[in-house]
Amino acid sequence: MGEDTDTRKINHSFLRDHSYVTEADIISTVEFNHTGELLATGDKGGRVVIFQREPESKNAPHSQGEYDVYSTFQSHEPEFDYLKSLEIEEKINKIKWLPQQNAAHSLLSTNDKTIKLWKITERDKRPEGYNLKDEEGKLKDLSTVTSLQVPVLKPMDLMVEVSPRRIFANGHTYHINSISVNSDCETYMSADDLRINLWHLAVTDRSFNIVDIKPANMEDLTEVITASEFHPHHCNLFVYSSSKGSLRLCDMRAAALCDKHSKLFEEPEDPSSRSFFSEIISSVSDVKFSHSGRYMLTRDYLTVKVWDLNMEARPIETYQVHDYLRSKLCSLYENDCIFDKFECAWNGSDSVIMTGAYNNFFRMFDRNSKRDVTLEASRESSKPRAVLKPRRVCIGGKRRRDDISVDSLDFAKKILHTAWHPAENIIAIAATNNLYIFQDKVNSDMH
């Protein structure tokens, strides 16, 4: 009897807890397409959800910017590698849109091992009036067909069809962390912890290994590849980042295997600030070329840095994301948060950069004015049409009214994945299982 009462109590509290999140619903990647009209998210359950921007209506001229669900499909299923006795998660690690060539849209999605190419098409007409088939699609008795009629296309409710076009499997021994489509629109690369492969979009059974940092003896392993990306304009250039905080720019014209980099971007370490955590917090979790192709943006645990492709010695700009956590590294190491991989994003004109933080905070840095702002993505502060209020984290001493103490930050609420519309001030923020889309006010500044 006592056990039943406890169960009822647990069930009651479970039903009341609206913040309960299933693991499968946690968003693991966010990506706008090249026009910004479509936005795709992938989650830990292997699903891809595509949102489409609503066209501006005459009745409500300011309604453009609303994104509605366009299509949802299961991209990956959980698998089991019997040779290695390993479970392969269905979690979507990355989504990349291909430049649109015709009326259909295409995207690549990947889990730890398998990359898939999907085609998204629309159908709003259906053929009617077949000679040999009835309305339900069943074959007619040929003796009843006495006249010939021409089938016609009749309007129907819009249907969005998603079909797998290619499956690129067996290319990686280790977990895939990034994919990047080349500017030649024919090839793409995929990177895991130790290797980067180059694929042709039309060839699924063959890829070329262009980077291999695996040592002959795995005991000699000192670093892993954390992210990689093609240059937006030069199809021969790509960059990859490492867990040691370095960036290597490679030129595929120089050699088939790009183990010897063209440029090494690395900031010299300050010996006075060295600690047990130095190498962990210097690991680069994301690298993004600017739209112009002149700069690279990197994110490590505490900072975002802007690098000039013409200057390897040090970054030209460094922004502190949450420097107040420097004194908390020990507890962040114990709860594994120190290994969180935050992404970063450029705005369309490369003048503002954005990255996530804890407590559902995200940070923006204006490169021209050097101003920065902390904003929060939460249901309480994000009512439709509401203006986001800047937030401030205080370390100690006097607190202002809306300040939040560094000790009361919720490290379970983290914004790892963000995306910026390619042309407009519209951002997409993934906060656990919620997707927030914020739009800048007309003629307003960055916050």
# chains A, B, ... in the order shown; residues from 1 in each chain; ligands from 1
call {"tool": "residues_around", "arguments": {"residues": "segment 328-331 of chain A", "least_positions_apart": "5", "cutoff": "10 Å", "atoms": "only C-alpha atoms", "output": "MDAnalysis selection string"}}
result
chainID A and resid 276:277 281 323 336:338 406:407
call {"tool": "write_last_selection", "arguments": {"atoms": "all heavy atoms", "output": "compact mmCIF listing (two decimals), in the first residue's frame"}}
result
# COMPACT_ATOMS: atom_id res chain seq x y z
N PHE A 276 45.69 23.58 -14.56
CA PHE A 276 45.29 22.22 -14.93
C PHE A 276 44.26 22.24 -16.06
O PHE A 276 44.20 21.33 -16.90
CB PHE A 276 44.72 21.51 -13.69
CG PHE A 276 44.06 20.20 -13.99
CD1 PHE A 276 44.81 19.07 -14.26
CD2 PHE A 276 42.67 20.08 -14.01
CE1 PHE A 276 44.20 17.84 -14.55
CE2 PHE A 276 42.05 18.87 -14.29
CZ PHE A 276 42.82 17.75 -14.56
N PHE A 277 43.43 23.29 -16.11
CA PHE A 277 42.32 23.35 -17.07
C PHE A 277 42.70 24.04 -18.38
O PHE A 277 41.88 24.09 -19.30
CB PHE A 277 41.13 24.10 -16.45
CG PHE A 277 40.69 23.52 -15.14
CD1 PHE A 277 40.92 24.20 -13.95
CD2 PHE A 277 40.06 22.28 -15.09
CE1 PHE A 277 40.52 23.67 -12.74
CE2 PHE A 277 39.65 21.74 -13.88
CZ PHE A 277 39.89 22.43 -12.70
N ILE A 281 40.10 24.22 -21.70
CA ILE A 281 39.34 25.43 -22.06
C ILE A 281 39.86 26.08 -23.35
O ILE A 281 39.19 26.93 -23.92
CB ILE A 281 39.30 26.46 -20.90
CG1 ILE A 281 40.69 26.99 -20.56
CG2 ILE A 281 38.60 25.88 -19.69
CD1 ILE A 281 40.68 28.14 -19.57
N ASP A 323 33.58 35.27 -18.59
CA ASP A 323 34.85 35.24 -17.83
C ASP A 323 34.62 34.99 -16.35
O ASP A 323 35.52 34.55 -15.64
CB ASP A 323 35.60 36.56 -18.05
CG ASP A 323 37.09 36.41 -17.76
OD1 ASP A 323 37.68 35.42 -18.23
OD2 ASP A 323 37.65 37.26 -17.04
N ASP A 336 31.23 17.95 -15.65
CA ASP A 336 31.46 17.72 -17.09
C ASP A 336 31.04 18.88 -17.99
O ASP A 336 31.13 18.77 -19.22
CB ASP A 336 30.76 16.44 -17.58
CG ASP A 336 31.57 15.19 -17.28
OD1 ASP A 336 32.72 15.34 -16.83
OD2 ASP A 336 31.05 14.08 -17.46
N CYS A 337 30.58 19.98 -17.41
CA CYS A 337 30.16 21.12 -18.24
C CYS A 337 31.35 21.74 -18.99
O CYS A 337 31.16 22.35 -20.04
CB CYS A 337 29.49 22.20 -17.39
SG CYS A 337 27.81 21.77 -16.93
N ILE A 338 32.54 21.58 -18.45
CA ILE A 338 33.73 22.16 -19.07
C ILE A 338 33.98 21.58 -20.46
O ILE A 338 34.70 22.16 -21.27
CB ILE A 338 34.97 21.97 -18.14
CG1 ILE A 338 36.05 23.01 -18.47
CG2 ILE A 338 35.49 20.55 -18.19
CD1 ILE A 338 37.16 23.09 -17.44
N VAL A 406 26.42 34.78 -10.08
CA VAL A 406 27.12 33.70 -10.77
C VAL A 406 26.85 32.35 -10.09
O VAL A 406 26.86 31.30 -10.73
CB VAL A 406 28.63 34.00 -10.87
CG1 VAL A 406 29.31 33.93 -9.51
CG2 VAL A 406 29.32 33.04 -11.84
N ASP A 407 26.56 32.38 -8.78
CA ASP A 407 26.30 31.14 -8.04
C ASP A 407 24.91 30.56 -8.32
O ASP A 407 24.65 29.41 -8.01
CB ASP A 407 26.45 31.37 -6.53
CG ASP A 407 27.88 31.75 -6.17
OD1 ASP A 407 28.80 31.07 -6.68
OD2 ASP A 407 28.07 32.71 -5.41
call {"tool": "select_by_dssp", "arguments": {"residues": "segment 187-253 of chain A", "states": "strand (DSSP E)", "output": "number ranges by chain"}}
result
A: 187-191, 195-200, 207-212, 225-230, 237-242, 247-251
call {"tool": "closest_residue", "arguments": {"among": "A:Ala227, A:Ala216, A:Leu257, A:Ala40", "to": "Val239 of chain A", "atoms": "only C-alpha atoms"}}
result
A:Ala227
call {"tool": "closest_residue", "arguments": {"among": "A:Ala313, A:Leu98, A:Cys235, A:Ala256", "to": "Leu201 of chain A", "atoms": "only C-alpha atoms"}}
result
A:Leu98
call {"tool": "select_by_dssp", "arguments": {"residues": "segment 14-140 of chain A", "states": "helix (DSSP H, G or I)", "output": "JSON, numbers by chain"}}
result
{"A": [14, 15, 16, 23, 24, 25]}
call {"tool": "closest_residue", "arguments": {"among": "A:Lys44, A:His234, A:Lys133, A:Lys305", "to": "Lys94 of chain A", "atoms": "only C-alpha atoms"}}
result
A:Lys44
call {"tool": "residues_around", "arguments": {"residues": "Ile353 of chain A", "least_positions_apart": "2", "cutoff": "9 Å", "atoms": "only C-alpha atoms", "output": "PyMOL selection string"}}
result
chain A and resi 297+304+344-347+350-351+355+363-367
call {"tool": "closest_atom_pairs", "arguments": {"of": "segment 54-151 of chain A", "to": "segment 181-192 of chain A", "cutoff": "10 Å", "atoms": "only C-alpha atoms", "output": "CSV"}}
result
residue,atom,partner,partner_atom,distance
A:Lys96,CA,A:Val181,CA,7.1
A:Trp97,CA,A:Val181,CA,8.0
A:Leu98,CA,A:Val181,CA,6.9
A:Pro99,CA,A:Cys185,CA,7.0
A:Gln100,CA,A:Cys185,CA,9.7
A:Gln101,CA,A:Cys185,CA,9.6
A:Leu107,CA,A:Val181,CA,9.9
A:Leu108,CA,A:Val181,CA,8.8
A:Thr110,CA,A:Ser190,CA,9.2
A:Asp112,CA,A:Asp192,CA,8.4
A:Lys113,CA,A:Asp192,CA,9.0
A:Ile115,CA,A:Ser190,CA,8.6
call {"tool": "write_last_selection", "arguments": {"atoms": "N, CA and C atoms", "output": "short mmCIF file (atom, residue, chain, number, x, y, z; two decimals), in the first residue's frame"}}
result
data_model
loop_
_atom_site.label_atom_id
_atom_site.label_comp_id
_atom_site.auth_asym_id
_atom_site.auth_seq_id
_atom_site.Cartn_x
_atom_site.Cartn_y
_atom_site.Cartn_z
N LYS A 96 23.44 20.57 -43.15
CA LYS A 96 23.93 21.59 -44.09
C LYS A 96 23.03 21.61 -45.31
N TRP A 97 22.56 22.81 -45.67
CA TRP A 97 21.75 22.98 -46.86
C TRP A 97 22.65 23.08 -48.09
N LEU A 98 22.17 22.52 -49.20
CA LEU A 98 22.87 22.70 -50.48
C LEU A 98 22.28 23.90 -51.19
N PRO A 99 23.10 24.64 -51.95
CA PRO A 99 22.53 25.76 -52.72
C PRO A 99 21.43 25.26 -53.63
N GLN A 100 20.34 26.02 -53.72
CA GLN A 100 19.17 25.56 -54.48
C GLN A 100 19.44 25.63 -55.98
N GLN A 101 19.20 24.52 -56.69
CA GLN A 101 19.44 24.46 -58.14
C GLN A 101 18.13 24.53 -58.92
N LEU A 107 19.24 18.95 -48.52
CA LEU A 107 20.09 19.13 -47.35
C LEU A 107 20.81 17.84 -47.00
N LEU A 108 21.96 18.01 -46.35
CA LEU A 108 22.72 16.88 -45.82
C LEU A 108 22.50 16.82 -44.32
N THR A 110 23.70 14.38 -40.77
CA THR A 110 24.60 13.31 -40.35
C THR A 110 24.43 12.98 -38.88
N ASP A 112 26.58 10.12 -36.05
CA ASP A 112 28.00 9.84 -35.79
C ASP A 112 28.70 9.14 -36.95
N LYS A 113 27.94 8.41 -37.77
CA LYS A 113 28.58 7.56 -38.78
C LYS A 113 28.09 7.74 -40.21
N ILE A 115 26.04 9.84 -43.34
CA ILE A 115 25.56 11.12 -43.88
C ILE A 115 24.48 10.81 -44.91
#
